[in-house]
2 protein chains.
Amino acid sequence: MALSIGQLAQRTGVHIETIRYFEKVGLLDAPSRTDGGHRVYAERDVRALGFIKRARELGFAPAEVRAIRDLGGPGRACCDEVRDIAVHHLEQVRSKMADLARLERLLASTVEHCSGGHVPECAVIDMLERT
Amino acid sequence: MALSIGQLAQRTGVHIETIRYFEKVGLLDAPSRTDGGHRVYAERDVRALGFIKRARELGFAPAEVRAIRDLGGPGRACCDEVRDIAVHHLEQVRSKMADLARLERLLASTVEHCSGGHVPECAVIDMLERT
DNA sequence: TGTGCCACCTGTAGTCGCTACAGAATCAAG
DNA sequence: CTTGATTCTGTAGCGACTACAGGTGGCACA
């Protein structure tokens with residue numbers, strides 16, 4: 001029930017340093033402490049940290065994670081604001097995907113034109129050099 | 001013909017500080033100087049910086065840019081090595097695209113299930129909270 | 001020739017999201 | 001009570017820039 005930071009790290013797969021970092025930047029609530037000053041976590045911290053971890057894995061910026069968490073807090077009466085954040089994030093993801101797709105096409109076609117031998121022509125370099 | 005760093009920046013769209021940074025990390029050759037110590041660039045530096053800029057925009061890491069530039073240098077007899085770098089990079093791009101696609105699907109379907117009103121249920125938060 | 005002003009110089013520090021120490025203190029087991 | 005693992009704080013490092021501070025250089029104009 002009461003967990004040390006190491007146990008929390010093991011259960012969530014988040015590094016100890018990262019847990020302390022999340023606390024420092026206000027993503028994770030500061031836990032209670034032992035008399036000696038060691039952090040003591042409860043079950044709810046496992047959930048909270050899991051939440052943060054998943055949100056970060058989905059590419060939400062720390063500020064967005066904070067916003068979502070706060071909006072989803074007391075009463076959870078702000079679904080539309082959370083939705084806004086998610087939609088905005090989705091747009092960014094789609095734009096990043098489009099960028100990568102363009103990039104992929106260019107790289108793929110360039111590599112395809114590359115003879116690959118020890119010759120003075122190189123499609124990759126030509127592509128990069130064309131002004 | 002002879003350009004100041006500011007003119008080079010304007011012609012290439014690369015910030016002055018970034019040009020100096022590229023020089024410091026060995027991406028761009030150190031140019032000649034005036035008696036007073038100001039950098040003086042030639043036309044070939046415009047091309048070199050353009051090359052670096054395009055490669056960076058395509059997501060090549062600085063070390064890769066250095067490698068491509070060096071391989072493409074005297075004689076350009078290493079097309080296959082340049083190709084290797086490009087192919088490896090292409091693989092990374094494709095893997096990143098796959099990650100984003102997964103993410104996009106999850107976000108899109110989540111947002112779709114979101115009622116968006118001032119209600120205590122929020123599909124986004126539920127998605128993040130499910131353990 | 002002076003003078004004014006912008007551009008440029010170097011060096012350092014800040015950004016973001018962690019990660020990695022160093023050196024001291026605490027905890028749990030034997 | 002001792003040992004050894006864990007945790008503590010604080011600071012520095014990463015990559016790839018970006019931004020400043022405080023000090024010169026260059027050049028047009030008078």
# chains A, B, ... in the order shown; residues from 1 in each chain; ligands from 1
>>> calpha_fit_and_write(fixed="chain A", moving="chain B", output="compact mmCIF listing (two decimals) with N, CA, C and O atoms, in the first residue's frame")
# COMPACT_ATOMS: atom_id res chain seq x y z
N MET B 1 1.05 -1.36 -0.41
CA MET B 1 0.23 -0.14 -0.31
C MET B 1 1.09 1.11 -0.25
O MET B 1 0.91 2.04 -1.01
N ALA B 2 2.03 1.13 0.67
CA ALA B 2 2.97 2.25 0.72
C ALA B 2 4.21 1.89 -0.08
O ALA B 2 4.84 0.86 0.15
N LEU B 3 4.54 2.76 -1.03
CA LEU B 3 5.63 2.44 -1.95
C LEU B 3 6.78 3.44 -1.82
O LEU B 3 6.55 4.63 -1.61
N SER B 4 7.98 2.93 -1.96
CA SER B 4 9.13 3.83 -2.08
C SER B 4 9.19 4.32 -3.52
O SER B 4 8.51 3.79 -4.41
N ILE B 5 10.01 5.31 -3.75
CA ILE B 5 10.12 5.85 -5.11
C ILE B 5 10.64 4.79 -6.07
O ILE B 5 10.24 4.74 -7.24
N GLY B 6 11.52 3.95 -5.58
CA GLY B 6 12.06 2.89 -6.42
C GLY B 6 10.99 1.89 -6.82
O GLY B 6 10.93 1.44 -7.97
N GLN B 7 10.11 1.54 -5.88
CA GLN B 7 9.02 0.61 -6.18
C GLN B 7 8.03 1.23 -7.15
O GLN B 7 7.54 0.57 -8.06
N LEU B 8 7.78 2.52 -6.96
CA LEU B 8 6.89 3.23 -7.88
C LEU B 8 7.48 3.23 -9.29
O LEU B 8 6.78 3.01 -10.28
N ALA B 9 8.77 3.46 -9.34
CA ALA B 9 9.46 3.46 -10.62
C ALA B 9 9.32 2.11 -11.31
O ALA B 9 9.04 2.04 -12.51
N GLN B 10 9.50 1.06 -10.53
CA GLN B 10 9.43 -0.28 -11.09
C GLN B 10 8.01 -0.60 -11.57
O GLN B 10 7.83 -1.17 -12.64
N ARG B 11 7.03 -0.18 -10.78
CA ARG B 11 5.65 -0.52 -11.14
C ARG B 11 5.16 0.27 -12.34
O ARG B 11 4.28 -0.19 -13.08
N THR B 12 5.69 1.46 -12.54
CA THR B 12 5.20 2.30 -13.64
C THR B 12 6.13 2.33 -14.84
O THR B 12 5.74 2.75 -15.92
N GLY B 13 7.38 1.90 -14.62
CA GLY B 13 8.33 1.98 -15.71
C GLY B 13 8.84 3.39 -15.96
O GLY B 13 9.35 3.69 -17.03
N VAL B 14 8.69 4.24 -14.96
CA VAL B 14 9.19 5.61 -15.08
C VAL B 14 10.44 5.73 -14.21
O VAL B 14 10.44 5.29 -13.06
N HIS B 15 11.49 6.30 -14.74
CA HIS B 15 12.74 6.44 -13.99
C HIS B 15 12.55 7.25 -12.72
O HIS B 15 11.77 8.20 -12.71
N ILE B 16 13.32 6.90 -11.71
CA ILE B 16 13.27 7.61 -10.43
C ILE B 16 13.49 9.11 -10.63
O ILE B 16 12.74 9.93 -10.12
N GLU B 17 14.50 9.43 -11.39
CA GLU B 17 14.81 10.85 -11.62
C GLU B 17 13.66 11.56 -12.30
O GLU B 17 13.38 12.73 -12.04
N THR B 18 12.98 10.84 -13.19
CA THR B 18 11.87 11.44 -13.92
C THR B 18 10.69 11.66 -12.98
O THR B 18 9.99 12.67 -13.08
N ILE B 19 10.49 10.74 -12.05
CA ILE B 19 9.42 10.93 -11.06
C ILE B 19 9.69 12.19 -10.25
O ILE B 19 8.80 13.03 -10.07
N ARG B 20 10.93 12.34 -9.79
CA ARG B 20 11.26 13.55 -9.02
C ARG B 20 11.11 14.79 -9.89
O ARG B 20 10.67 15.85 -9.43
N TYR B 21 11.47 14.64 -11.17
CA TYR B 21 11.31 15.76 -12.11
C TYR B 21 9.83 16.12 -12.27
O TYR B 21 9.46 17.31 -12.22
N PHE B 22 8.97 15.13 -12.42
CA PHE B 22 7.54 15.38 -12.55
C PHE B 22 7.00 16.09 -11.32
O PHE B 22 6.14 16.96 -11.41
N GLU B 23 7.52 15.71 -10.17
CA GLU B 23 7.10 16.38 -8.94
C GLU B 23 7.55 17.84 -8.94
O GLU B 23 6.77 18.75 -8.65
N LYS B 24 8.79 18.06 -9.37
CA LYS B 24 9.35 19.40 -9.36
C LYS B 24 8.57 20.35 -10.27
O LYS B 24 8.36 21.51 -9.94
N VAL B 25 8.17 19.85 -11.44
CA VAL B 25 7.47 20.71 -12.39
C VAL B 25 5.96 20.68 -12.20
O VAL B 25 5.21 21.21 -13.03
N GLY B 26 5.49 20.04 -11.13
CA GLY B 26 4.09 20.13 -10.79
C GLY B 26 3.17 19.18 -11.54
O GLY B 26 1.96 19.38 -11.57
N LEU B 27 3.73 18.16 -12.18
CA LEU B 27 2.87 17.18 -12.85
C LEU B 27 2.34 16.16 -11.86
O LEU B 27 1.22 15.68 -11.97
N LEU B 28 3.17 15.83 -10.89
CA LEU B 28 2.83 14.82 -9.90
C LEU B 28 2.82 15.49 -8.52
O LEU B 28 3.74 16.25 -8.19
N ASP B 29 1.79 15.19 -7.74
CA ASP B 29 1.71 15.77 -6.40
C ASP B 29 2.88 15.30 -5.54
O ASP B 29 3.33 14.17 -5.66
N ALA B 30 3.35 16.19 -4.67
CA ALA B 30 4.41 15.81 -3.73
C ALA B 30 3.83 14.80 -2.75
O ALA B 30 2.76 15.03 -2.19
N PRO B 31 4.50 13.69 -2.55
CA PRO B 31 3.98 12.66 -1.67
C PRO B 31 4.35 12.96 -0.22
O PRO B 31 5.10 13.91 0.06
N SER B 32 3.82 12.17 0.69
CA SER B 32 4.24 12.31 2.07
C SER B 32 5.65 11.72 2.21
O SER B 32 6.18 11.13 1.28
N ARG B 33 6.23 11.94 3.39
CA ARG B 33 7.62 11.51 3.58
C ARG B 33 7.77 10.69 4.86
O ARG B 33 6.97 10.83 5.80
N THR B 34 8.79 9.90 4.91
CA THR B 34 9.15 9.25 6.17
C THR B 34 9.83 10.29 7.06
O THR B 34 10.14 11.40 6.61
N ASP B 35 10.07 9.92 8.32
CA ASP B 35 10.77 10.84 9.22
C ASP B 35 12.12 11.23 8.64
O ASP B 35 12.61 12.35 8.81
N GLY B 36 12.72 10.29 7.95
CA GLY B 36 14.04 10.54 7.38
C GLY B 36 14.02 11.31 6.08
O GLY B 36 15.06 11.66 5.54
N GLY B 37 12.82 11.56 5.54
CA GLY B 37 12.73 12.37 4.33
C GLY B 37 12.53 11.59 3.04
O GLY B 37 12.48 12.18 1.97
N HIS B 38 12.40 10.27 3.15
CA HIS B 38 12.16 9.49 1.93
C HIS B 38 10.71 9.61 1.50
O HIS B 38 9.80 9.63 2.33
N ARG B 39 10.52 9.69 0.17
CA ARG B 39 9.16 9.81 -0.35
C ARG B 39 8.38 8.52 -0.14
O ARG B 39 8.91 7.43 -0.36
N VAL B 40 7.12 8.66 0.23
CA VAL B 40 6.24 7.50 0.41
C VAL B 40 5.02 7.68 -0.48
O VAL B 40 4.28 8.66 -0.34
N TYR B 41 4.82 6.75 -1.40
CA TYR B 41 3.72 6.85 -2.35
C TYR B 41 2.60 5.88 -2.01
O TYR B 41 2.84 4.83 -1.40
N ALA B 42 1.40 6.23 -2.44
CA ALA B 42 0.24 5.36 -2.25
C ALA B 42 -0.24 4.85 -3.62
O ALA B 42 0.29 5.25 -4.66
N GLU B 43 -1.26 4.04 -3.56
CA GLU B 43 -1.79 3.42 -4.78
C GLU B 43 -2.24 4.48 -5.79
O GLU B 43 -2.07 4.32 -7.00
N ARG B 44 -2.83 5.55 -5.31
CA ARG B 44 -3.32 6.58 -6.23
C ARG B 44 -2.19 7.23 -7.02
O ARG B 44 -2.38 7.72 -8.12
N ASP B 45 -0.98 7.23 -6.43
CA ASP B 45 0.16 7.79 -7.16
C ASP B 45 0.57 6.92 -8.34
O ASP B 45 1.04 7.43 -9.36
N VAL B 46 0.36 5.61 -8.18
CA VAL B 46 0.62 4.71 -9.30
C VAL B 46 -0.30 5.08 -10.46
O VAL B 46 0.15 5.19 -11.61
N ARG B 47 -1.56 5.29 -10.14
CA ARG B 47 -2.51 5.66 -11.20
C ARG B 47 -2.17 7.01 -11.80
O ARG B 47 -2.16 7.19 -13.01
N ALA B 48 -1.85 7.97 -10.92
CA ALA B 48 -1.55 9.33 -11.40
C ALA B 48 -0.33 9.31 -12.33
O ALA B 48 -0.33 9.93 -13.39
N LEU B 49 0.68 8.58 -11.91
CA LEU B 49 1.90 8.53 -12.72
C LEU B 49 1.66 7.79 -14.03
O LEU B 49 2.18 8.18 -15.08
N GLY B 50 0.83 6.75 -13.97
CA GLY B 50 0.47 6.03 -15.19
C GLY B 50 -0.26 6.95 -16.16
O GLY B 50 0.01 6.95 -17.37
N PHE B 51 -1.14 7.75 -15.63
CA PHE B 51 -1.86 8.74 -16.42
C PHE B 51 -0.89 9.68 -17.13
O PHE B 51 -0.96 9.90 -18.33
N ILE B 52 0.02 10.21 -16.35
CA ILE B 52 1.02 11.13 -16.91
C ILE B 52 1.85 10.44 -17.97
O ILE B 52 2.08 10.98 -19.06
N LYS B 53 2.26 9.23 -17.66
CA LYS B 53 3.11 8.50 -18.60
C LYS B 53 2.39 8.27 -19.93
O LYS B 53 2.96 8.52 -20.99
N ARG B 54 1.15 7.80 -19.84
CA ARG B 54 0.41 7.55 -21.08
C ARG B 54 0.21 8.83 -21.87
O ARG B 54 0.39 8.87 -23.09
N ALA B 55 -0.14 9.90 -21.16
CA ALA B 55 -0.37 11.17 -21.86
C ALA B 55 0.91 11.64 -22.55
O ALA B 55 0.90 12.09 -23.69
N ARG B 56 2.03 11.49 -21.87
CA ARG B 56 3.31 11.90 -22.46
C ARG B 56 3.64 11.03 -23.66
O ARG B 56 4.15 11.52 -24.67
N GLU B 57 3.37 9.74 -23.55
CA GLU B 57 3.64 8.84 -24.67
C GLU B 57 2.79 9.20 -25.88
O GLU B 57 3.20 9.01 -27.02
N LEU B 58 1.61 9.73 -25.62
CA LEU B 58 0.73 10.14 -26.72
C LEU B 58 1.14 11.51 -27.25
O LEU B 58 0.50 12.04 -28.14
N GLY B 59 2.19 12.06 -26.70
CA GLY B 59 2.74 13.29 -27.23
C GLY B 59 2.14 14.56 -26.64
O GLY B 59 2.44 15.65 -27.11
N PHE B 60 1.33 14.43 -25.60
CA PHE B 60 0.83 15.63 -24.94
C PHE B 60 1.97 16.31 -24.21
O PHE B 60 2.75 15.65 -23.51
N ALA B 61 2.09 17.60 -24.37
CA ALA B 61 3.12 18.37 -23.68
C ALA B 61 2.78 18.40 -22.19
O ALA B 61 1.61 18.30 -21.82
N PRO B 62 3.80 18.55 -21.33
CA PRO B 62 3.57 18.64 -19.90
C PRO B 62 2.48 19.62 -19.51
O PRO B 62 1.65 19.31 -18.67
N ALA B 63 2.47 20.77 -20.15
CA ALA B 63 1.44 21.76 -19.83
C ALA B 63 0.06 21.23 -20.18
O ALA B 63 -0.92 21.47 -19.46
N GLU B 64 -0.04 20.49 -21.28
CA GLU B 64 -1.32 19.91 -21.66
C GLU B 64 -1.74 18.83 -20.66
O GLU B 64 -2.91 18.73 -20.31
N VAL B 65 -0.76 18.05 -20.21
CA VAL B 65 -1.06 17.02 -19.23
C VAL B 65 -1.62 17.66 -17.96
O VAL B 65 -2.62 17.21 -17.40
N ARG B 66 -0.96 18.71 -17.53
CA ARG B 66 -1.43 19.44 -16.35
C ARG B 66 -2.87 19.91 -16.56
O ARG B 66 -3.73 19.76 -15.70
N ALA B 67 -3.11 20.50 -17.73
CA ALA B 67 -4.43 21.05 -18.02
C ALA B 67 -5.48 19.94 -18.01
O ALA B 67 -6.54 20.09 -17.39
N ILE B 68 -5.20 18.85 -18.69
CA ILE B 68 -6.17 17.75 -18.75
C ILE B 68 -6.45 17.22 -17.36
O ILE B 68 -7.59 17.01 -16.97
N ARG B 69 -5.36 17.03 -16.59
CA ARG B 69 -5.52 16.49 -15.25
C ARG B 69 -6.39 17.43 -14.40
O ARG B 69 -7.31 16.99 -13.72
N ASP B 70 -6.10 18.71 -14.47
CA ASP B 70 -6.84 19.67 -13.65
C ASP B 70 -8.30 19.76 -14.10
O ASP B 70 -9.20 19.85 -13.28
N LEU B 71 -8.52 19.73 -15.42
CA LEU B 71 -9.89 19.81 -15.93
C LEU B 71 -10.66 18.55 -15.57
O LEU B 71 -11.86 18.60 -15.32
N GLY B 72 -9.94 17.44 -15.53
CA GLY B 72 -10.61 16.18 -15.25
C GLY B 72 -10.78 15.91 -13.77
O GLY B 72 -11.23 14.86 -13.38
N GLY B 73 -10.39 16.83 -12.97
CA GLY B 73 -10.37 16.64 -11.53
C GLY B 73 -11.73 16.68 -10.87
O GLY B 73 -12.56 15.81 -11.11
N PRO B 74 -11.98 17.69 -10.06
CA PRO B 74 -13.18 17.71 -9.22
C PRO B 74 -14.43 17.84 -10.06
O PRO B 74 -14.64 18.85 -10.73
N GLY B 75 -15.23 16.79 -10.06
CA GLY B 75 -16.48 16.83 -10.78
C GLY B 75 -16.37 16.45 -12.26
O GLY B 75 -17.30 16.01 -12.87
N ARG B 76 -15.17 16.65 -12.80
CA ARG B 76 -14.95 16.36 -14.23
C ARG B 76 -16.01 16.99 -15.09
O ARG B 76 -16.59 16.36 -15.97
N ALA B 77 -16.25 18.27 -14.90
CA ALA B 77 -17.35 18.93 -15.59
C ALA B 77 -16.89 19.71 -16.81
O ALA B 77 -17.53 20.62 -17.27
N CYS B 78 -15.72 19.36 -17.34
CA CYS B 78 -15.17 20.18 -18.42
C CYS B 78 -14.76 19.35 -19.62
O CYS B 78 -13.74 19.60 -20.24
N CYS B 79 -15.58 18.37 -19.94
CA CYS B 79 -15.22 17.48 -21.03
C CYS B 79 -14.91 18.23 -22.32
O CYS B 79 -14.03 17.86 -23.07
N ASP B 80 -15.62 19.31 -22.57
CA ASP B 80 -15.39 20.01 -23.84
C ASP B 80 -14.01 20.67 -23.89
O ASP B 80 -13.39 20.74 -24.94
N GLU B 81 -13.54 21.13 -22.72
CA GLU B 81 -12.20 21.73 -22.74
C GLU B 81 -11.11 20.67 -22.94
O GLU B 81 -10.14 20.89 -23.65
N VAL B 82 -11.31 19.53 -22.30
CA VAL B 82 -10.37 18.42 -22.52
C VAL B 82 -10.39 18.03 -23.99
O VAL B 82 -9.34 17.81 -24.60
N ARG B 83 -11.59 17.98 -24.53
CA ARG B 83 -11.74 17.63 -25.94
C ARG B 83 -10.98 18.63 -26.83
O ARG B 83 -10.33 18.24 -27.79
N ASP B 84 -11.08 19.90 -26.50
CA ASP B 84 -10.36 20.92 -27.28
C ASP B 84 -8.88 20.64 -27.32
O ASP B 84 -8.22 20.72 -28.36
N ILE B 85 -8.34 20.31 -26.16
CA ILE B 85 -6.90 20.02 -26.09
C ILE B 85 -6.57 18.82 -26.97
O ILE B 85 -5.62 18.84 -27.75
N ALA B 86 -7.40 17.78 -26.86
CA ALA B 86 -7.15 16.56 -27.63
C ALA B 86 -7.28 16.82 -29.13
O ALA B 86 -6.47 16.34 -29.93
N VAL B 87 -8.27 17.61 -29.51
CA VAL B 87 -8.47 17.92 -30.92
C VAL B 87 -7.28 18.71 -31.46
O VAL B 87 -6.74 18.43 -32.54
N HIS B 88 -6.85 19.68 -30.69
CA HIS B 88 -5.70 20.48 -31.10
C HIS B 88 -4.46 19.60 -31.26
O HIS B 88 -3.70 19.72 -32.22
N HIS B 89 -4.31 18.71 -30.32
CA HIS B 89 -3.18 17.79 -30.38
C HIS B 89 -3.28 16.88 -31.60
O HIS B 89 -2.30 16.62 -32.29
N LEU B 90 -4.49 16.44 -31.87
CA LEU B 90 -4.70 15.58 -33.03
C LEU B 90 -4.33 16.31 -34.32
O LEU B 90 -3.72 15.74 -35.23
N GLU B 91 -4.66 17.59 -34.38
CA GLU B 91 -4.29 18.37 -35.57
C GLU B 91 -2.78 18.42 -35.75
O GLU B 91 -2.26 18.31 -36.86
N GLN B 92 -2.10 18.60 -34.63
CA GLN B 92 -0.63 18.65 -34.71
C GLN B 92 -0.06 17.32 -35.16
O GLN B 92 0.89 17.26 -35.94
N VAL B 93 -0.64 16.24 -34.65
CA VAL B 93 -0.18 14.91 -35.05
C VAL B 93 -0.37 14.73 -36.55
O VAL B 93 0.52 14.25 -37.25
N ARG B 94 -1.52 15.15 -37.04
CA ARG B 94 -1.81 14.98 -38.47
C ARG B 94 -0.86 15.82 -39.32
O ARG B 94 -0.42 15.38 -40.38
N SER B 95 -0.54 17.01 -38.84
CA SER B 95 0.36 17.85 -39.62
C SER B 95 1.77 17.25 -39.63
O SER B 95 2.48 17.27 -40.63
N LYS B 96 2.17 16.69 -38.48
CA LYS B 96 3.46 16.04 -38.41
C LYS B 96 3.51 14.83 -39.35
O LYS B 96 4.50 14.58 -40.01
N MET B 97 2.40 14.10 -39.39
CA MET B 97 2.33 12.94 -40.28
C MET B 97 2.48 13.35 -41.74
O MET B 97 3.16 12.69 -42.52
N ALA B 98 1.83 14.47 -42.10
CA ALA B 98 1.92 14.94 -43.47
C ALA B 98 3.35 15.32 -43.82
O ALA B 98 3.86 15.00 -44.90
N ASP B 99 4.03 15.99 -42.88
CA ASP B 99 5.43 16.36 -43.09
C ASP B 99 6.27 15.10 -43.34
O ASP B 99 7.07 15.04 -44.27
N LEU B 100 6.08 14.13 -42.48
CA LEU B 100 6.86 12.90 -42.60
C LEU B 100 6.55 12.16 -43.90
O LEU B 100 7.44 11.56 -44.51
N ALA B 101 5.30 12.23 -44.33
CA ALA B 101 4.93 11.54 -45.56
C ALA B 101 5.65 12.17 -46.76
O ALA B 101 6.18 11.46 -47.62
N ARG B 102 5.69 13.50 -46.79
CA ARG B 102 6.42 14.20 -47.86
C ARG B 102 7.87 13.76 -47.87
O ARG B 102 8.46 13.45 -48.90
N LEU B 103 8.43 13.80 -46.68
CA LEU B 103 9.82 13.43 -46.47
C LEU B 103 10.08 12.01 -46.93
O LEU B 103 11.07 11.71 -47.60
N GLU B 104 9.17 11.12 -46.56
CA GLU B 104 9.31 9.71 -46.89
C GLU B 104 9.33 9.54 -48.41
O GLU B 104 10.16 8.81 -48.96
N ARG B 105 8.45 10.22 -49.10
CA ARG B 105 8.39 10.11 -50.55
C ARG B 105 9.71 10.55 -51.18
O ARG B 105 10.26 9.88 -52.05
N LEU B 106 10.20 11.71 -50.70
CA LEU B 106 11.44 12.23 -51.27
C LEU B 106 12.62 11.29 -51.01
O LEU B 106 13.38 10.95 -51.91
N LEU B 107 12.73 10.84 -49.78
CA LEU B 107 13.83 9.94 -49.44
C LEU B 107 13.73 8.63 -50.20
O LEU B 107 14.72 8.13 -50.73
N ALA B 108 12.53 8.08 -50.26
CA ALA B 108 12.35 6.79 -50.90
C ALA B 108 12.70 6.87 -52.38
O ALA B 108 13.42 6.02 -52.92
N SER B 109 12.21 7.92 -53.05
CA SER B 109 12.49 8.00 -54.48
C SER B 109 13.96 8.30 -54.72
O SER B 109 14.55 7.82 -55.67
N THR B 110 14.56 9.05 -53.81
CA THR B 110 15.98 9.34 -53.97
C THR B 110 16.81 8.07 -53.82
O THR B 110 17.68 7.77 -54.63
N VAL B 111 16.52 7.33 -52.76
CA VAL B 111 17.27 6.11 -52.51
C VAL B 111 17.11 5.12 -53.66
O VAL B 111 18.03 4.42 -54.05
N GLU B 112 15.90 5.14 -54.23
CA GLU B 112 15.63 4.23 -55.34
C GLU B 112 16.51 4.55 -56.55
O GLU B 112 16.95 3.66 -57.27
N HIS B 113 16.76 5.84 -56.74
CA HIS B 113 17.58 6.25 -57.88
C HIS B 113 19.06 6.08 -57.61
O HIS B 113 19.89 6.40 -58.46
N CYS B 114 19.38 5.62 -56.41
CA CYS B 114 20.78 5.54 -56.03
C CYS B 114 21.36 4.23 -56.51
O CYS B 114 20.87 3.15 -56.17
N SER B 115 22.38 4.31 -57.32
CA SER B 115 22.97 3.09 -57.85
C SER B 115 23.61 2.28 -56.73
O SER B 115 23.61 1.06 -56.75
N GLY B 116 24.14 2.95 -55.75
CA GLY B 116 24.68 2.24 -54.61
C GLY B 116 26.08 1.72 -54.80
O GLY B 116 26.62 1.04 -53.93
N GLY B 117 26.69 2.02 -55.88
CA GLY B 117 28.05 1.51 -56.11
C GLY B 117 29.10 2.55 -55.76
O GLY B 117 28.80 3.62 -55.23
N HIS B 118 30.32 2.22 -56.05
CA HIS B 118 31.40 3.17 -55.82
C HIS B 118 31.56 4.05 -57.04
O HIS B 118 32.56 4.00 -57.74
N VAL B 119 30.58 4.87 -57.26
CA VAL B 119 30.61 5.72 -58.45
C VAL B 119 30.53 7.18 -58.01
O VAL B 119 30.06 7.48 -56.92
N PRO B 120 30.98 8.05 -58.87
CA PRO B 120 30.99 9.46 -58.49
C PRO B 120 29.61 10.10 -58.44
O PRO B 120 29.46 11.20 -57.92
N GLU B 121 28.58 9.42 -58.95
CA GLU B 121 27.24 10.01 -58.87
C GLU B 121 26.54 9.50 -57.61
O GLU B 121 26.62 8.32 -57.30
N CYS B 122 25.85 10.36 -56.94
CA CYS B 122 25.08 9.91 -55.78
C CYS B 122 23.78 10.70 -55.74
O CYS B 122 23.78 11.92 -55.56
N ALA B 123 22.70 10.00 -55.91
CA ALA B 123 21.40 10.65 -55.97
C ALA B 123 21.09 11.40 -54.67
O ALA B 123 20.47 12.46 -54.68
N VAL B 124 21.53 10.85 -53.54
CA VAL B 124 21.25 11.49 -52.26
C VAL B 124 21.93 12.85 -52.19
O VAL B 124 21.32 13.86 -51.85
N ILE B 125 23.21 12.84 -52.53
CA ILE B 125 23.96 14.09 -52.48
C ILE B 125 23.43 15.08 -53.52
O ILE B 125 23.28 16.27 -53.24
N ASP B 126 23.11 14.58 -54.70
CA ASP B 126 22.55 15.46 -55.72
C ASP B 126 21.28 16.14 -55.21
O ASP B 126 21.09 17.34 -55.38
N MET B 127 20.45 15.34 -54.57
CA MET B 127 19.19 15.87 -54.04
C MET B 127 19.46 16.98 -53.03
O MET B 127 18.80 18.01 -53.03
N LEU B 128 20.43 16.74 -52.19
CA LEU B 128 20.73 17.73 -51.16
C LEU B 128 21.42 18.95 -51.74
O LEU B 128 21.31 20.06 -51.21
N GLU B 129 22.11 18.76 -52.84
CA GLU B 129 22.92 19.86 -53.39
C GLU B 129 22.15 20.77 -54.33
O GLU B 129 22.56 21.90 -54.56
N ARG B 130 21.09 20.25 -54.88
CA ARG B 130 20.39 21.07 -55.89
C ARG B 130 19.87 22.34 -55.21
O ARG B 130 19.16 22.31 -54.21
N THR B 131 20.27 23.42 -55.81
CA THR B 131 20.01 24.73 -55.20
C THR B 131 18.60 25.23 -55.46
O THR B 131 18.13 25.15 -56.55
>>> interface_residues(of="chain D", to="chain B", cutoff="8 Å", atoms="only C-alpha atoms (C1' of nucleotides)", output="number ranges by chain")
D: 17-18, 25
>>> select_by_dssp(residues="chain A", states="alpha helix (DSSP H)", output="PyMOL selection string")
chain A and resi 5-12+16-24+43-57+62-71+79-112+123-129
>>> atom_distance(atom1="C1' of DA24 in chain C", atom2="C1' of DT6 in chain D")
12.8 Å
>>> atom_distance(atom1="C1' of DA28 in chain C", atom2="C1' of DT9 in chain D")
21.9 Å
>>> closest_atom_pairs(of="chain C", to="chain B", cutoff="12 Å", atoms="only C-alpha atoms (C1' of nucleotides)", output="CSV")
residue,atom,partner,partner_atom,distance
C:DC6,C1',B:Gly6,CA,11.6
C:DA7,C1',B:Gly6,CA,7.8
C:DC8,C1',B:His38,CA,6.4
C:DC9,C1',B:His38,CA,7.1
C:DT10,C1',B:Gly37,CA,10.8
>>> write_last_selection(atoms="C-alpha atoms (C1' of nucleotides)", output="PDB file, in the first residue's frame")
ATOM      1  C1'  DC C   6      24.091  49.294 -37.100  1.00  0.00           C
ATOM      2  C1'  DA C   7      26.188  44.956 -37.660  1.00  0.00           C
ATOM      3  C1'  DC C   8      29.170  41.937 -35.828  1.00  0.00           C
ATOM      4  C1'  DC C   9      32.256  39.746 -32.221  1.00  0.00           C
ATOM      5  C1'  DT C  10      32.925  36.338 -28.102  1.00  0.00           C
TER       6       DT C  10
END
>>> atom_distance(atom1="C1' of DA29 in chain C", atom2="C1' of DG4 in chain D")
9.7 Å
>>> select_by_dssp(residues="chain B", states="strand (DSSP E)", output="list in words")
Ser32, Arg33, Arg39 and Val40 of chain B
>>> write_last_selection(atoms="all heavy atoms", output="compact mmCIF listing (two decimals), in the first residue's frame")
# COMPACT_ATOMS: atom_id res chain seq x y z
N SER B 32 36.98 32.92 -43.96
CA SER B 32 38.04 33.89 -43.72
C SER B 32 37.46 35.09 -42.96
O SER B 32 36.26 35.17 -42.76
CB SER B 32 38.63 34.36 -45.06
OG SER B 32 37.60 34.88 -45.88
N ARG B 33 38.36 35.96 -42.52
CA ARG B 33 37.91 37.08 -41.69
C ARG B 33 38.44 38.41 -42.22
O ARG B 33 39.48 38.45 -42.90
CB ARG B 33 38.45 36.89 -40.26
CG ARG B 33 38.05 35.60 -39.58
CD ARG B 33 36.75 35.76 -38.84
NE ARG B 33 36.45 34.56 -38.05
CZ ARG B 33 35.79 34.60 -36.90
NH1 ARG B 33 35.40 35.75 -36.38
NH2 ARG B 33 35.52 33.48 -36.26
N ARG B 39 33.44 37.73 -39.98
CA ARG B 39 33.45 36.60 -40.92
C ARG B 39 33.12 37.08 -42.34
O ARG B 39 32.21 37.90 -42.52
CB ARG B 39 32.43 35.56 -40.49
CG ARG B 39 32.84 34.75 -39.27
CD ARG B 39 31.67 33.93 -38.76
NE ARG B 39 32.04 33.13 -37.59
CZ ARG B 39 32.06 33.60 -36.35
NH1 ARG B 39 31.76 34.87 -36.11
NH2 ARG B 39 32.40 32.82 -35.35
N VAL B 40 33.83 36.54 -43.31
CA VAL B 40 33.57 36.87 -44.72
C VAL B 40 33.29 35.58 -45.47
O VAL B 40 34.12 34.68 -45.50
CB VAL B 40 34.78 37.59 -45.36
CG1 VAL B 40 34.47 37.89 -46.82
CG2 VAL B 40 35.11 38.86 -44.61
>>> residues_around(residues="range 27-29 of chain D", least_positions_apart="3", cutoff="10 Å", atoms="only C-alpha atoms (C1' of nucleotides)", output="list in words")
DT3, DG4, DC5 and DC6 of chain C
